[in-house]
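Below is the file start-v7.cif, which contains mmCIF, C-alpha atoms.
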data_run
loop_
_atom_site.label_atom_id
_atom_site.label_comp_id
_atom_site.auth_asym_id
_atom_site.auth_seq_id
_atom_site.Cartn_x
_atom_site.Cartn_y
_atom_site.Cartn_z
CA ILE A 16 -36.69 58.28 51.27
CA VAL A 17 -36.25 60.14 47.99
CA THR A 18 -33.31 59.24 45.82
CA SER A 19 -31.54 61.50 43.34
CA ASP A 20 -33.12 59.57 40.45
CA ALA A 21 -36.52 61.02 41.47
CA VAL A 22 -35.65 64.52 40.22
CA GLU A 23 -34.10 65.67 36.94
CA LYS A 24 -33.22 69.02 35.41
CA ASP A 25 -35.35 70.16 32.49
CA LYS A 26 -33.05 70.51 29.48
CA LEU A 27 -34.88 73.54 28.01
CA GLN A 28 -35.59 75.52 31.17
CA ASN A 29 -33.75 76.20 34.39
CA LEU A 30 -36.23 74.03 36.29
CA TYR A 31 -36.19 70.71 38.06
CA LYS A 32 -39.02 68.21 37.86
CA THR A 33 -39.91 64.94 39.50
CA VAL A 34 -39.77 61.90 37.28
CA ARG A 35 -42.18 59.91 39.43
CA ASP A 36 -44.99 60.74 41.82
CA LEU A 37 -43.73 61.97 45.17
CA GLU A 38 -45.64 63.19 48.20
CA PHE A 39 -44.13 65.76 50.53
CA ARG A 40 -45.34 66.89 53.94
CA SER A 41 -44.29 70.50 53.37
CA PRO A 42 -43.04 72.86 50.65
CA SER A 43 -39.70 72.97 52.47
CA ALA A 44 -39.30 69.18 52.20
CA ALA A 45 -40.05 69.34 48.48
CA GLY A 46 -37.56 72.20 48.07
CA ALA A 47 -34.87 70.27 49.92
CA VAL A 48 -35.23 67.39 47.46
CA ALA A 49 -35.26 69.67 44.43
CA ARG A 50 -32.29 71.76 45.56
CA GLY A 51 -30.37 69.09 47.45
CA LEU A 52 -30.11 71.23 50.60
CA LEU A 53 -32.28 72.69 53.35
CA THR A 54 -34.80 75.11 51.92
CA ASN A 55 -37.51 77.44 53.17
CA GLY A 56 -40.16 76.32 50.71
CA ARG A 57 -42.57 79.15 51.47
CA LYS A 58 -39.94 81.66 50.34
CA ARG A 59 -38.19 79.65 47.60
CA TRP A 60 -41.21 78.27 45.69
CA HIS A 61 -42.63 80.87 43.31
CA ARG A 62 -45.80 80.92 41.22
CA MET A 63 -44.73 80.84 37.57
CA SER A 64 -47.43 83.25 36.33
CA ASP A 65 -46.25 86.23 38.39
CA ASP A 66 -43.12 85.03 40.27
CA ARG A 67 -44.71 85.62 43.69
CA PRO A 68 -43.42 83.46 46.55
CA LEU A 69 -45.63 80.80 48.07
CA PHE A 70 -46.10 82.65 51.37
CA GLU A 71 -47.67 85.58 49.48
CA CYS A 72 -49.93 83.24 47.50
CA GLU A 73 -51.05 81.56 50.73
CA ALA A 74 -51.82 85.00 52.24
CA GLU A 75 -54.01 85.74 49.20
CA ASP A 76 -55.99 82.57 49.86
CA VAL A 77 -56.51 83.50 53.52
CA ASP A 78 -57.63 87.02 52.62
CA ALA A 79 -60.07 85.66 50.03
CA VAL A 80 -61.72 83.37 52.61
CA ALA A 81 -61.83 85.96 55.43
#
What does the file become when written as structure tokens?
Amino acid sequence: IVTSDAVEKDKLQNLYKTVRDLEFRSPSAAGAVARGLLTNGRKRWHRMSDDRPLFECEAEDVDAVA
């Protein structure tokens, strides 16, 4: 169980961060905690360097291995 005191909003950026170590079974579970509602983590999580969604980044990894 993750309580609301496990996540806080960054005062300088429009980002949320965990304030203690948390382990999630999926990106959607992590997104649900960060946003406080059901979330498709593969679409909502974005890489900061180029703003690409997680599902595109995962596809890159698969293509690189294949």
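Rounded to one decimal, atom CA of Asp25 of chain A and atom CA of Arg59 of chain A lie 18.1 Å from each other.
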Subject >> Protein/DNA/RNA residues near (-41.9, 75.6, 45.4), cut 9 Å, all atoms listed in the file, as a ChimeraX atom specification >> reply: /A:42-43,45-46,49,56-62,68-69
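For the pair atom CA of Ala79 of chain A and atom CA of Asp65 of chain A, the interatomic distance is 18.1 Å.
Put simply, atom CA of Arg35 of chain A is 8.0 Å away from atom CA of Val22 of chain A.
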Segment 21-29 of chain A: axis-aligned bounding box, 6 Å on each side, centre and edge lengths in Å, one decimal, as lines of an AutoDock Vina configuration file:
center_x = -34.8
center_y = 68.6
center_z = 34.7
size_x = 15.5
size_y = 27.2
size_z = 25.5
**OP:** Return the single residue from A:Ser41, A:Asp36, A:Leu30, A:Glu75 that is closest to Met63 of chain A, with distances computed using only C-alpha atoms.
**Re:** A:Leu30
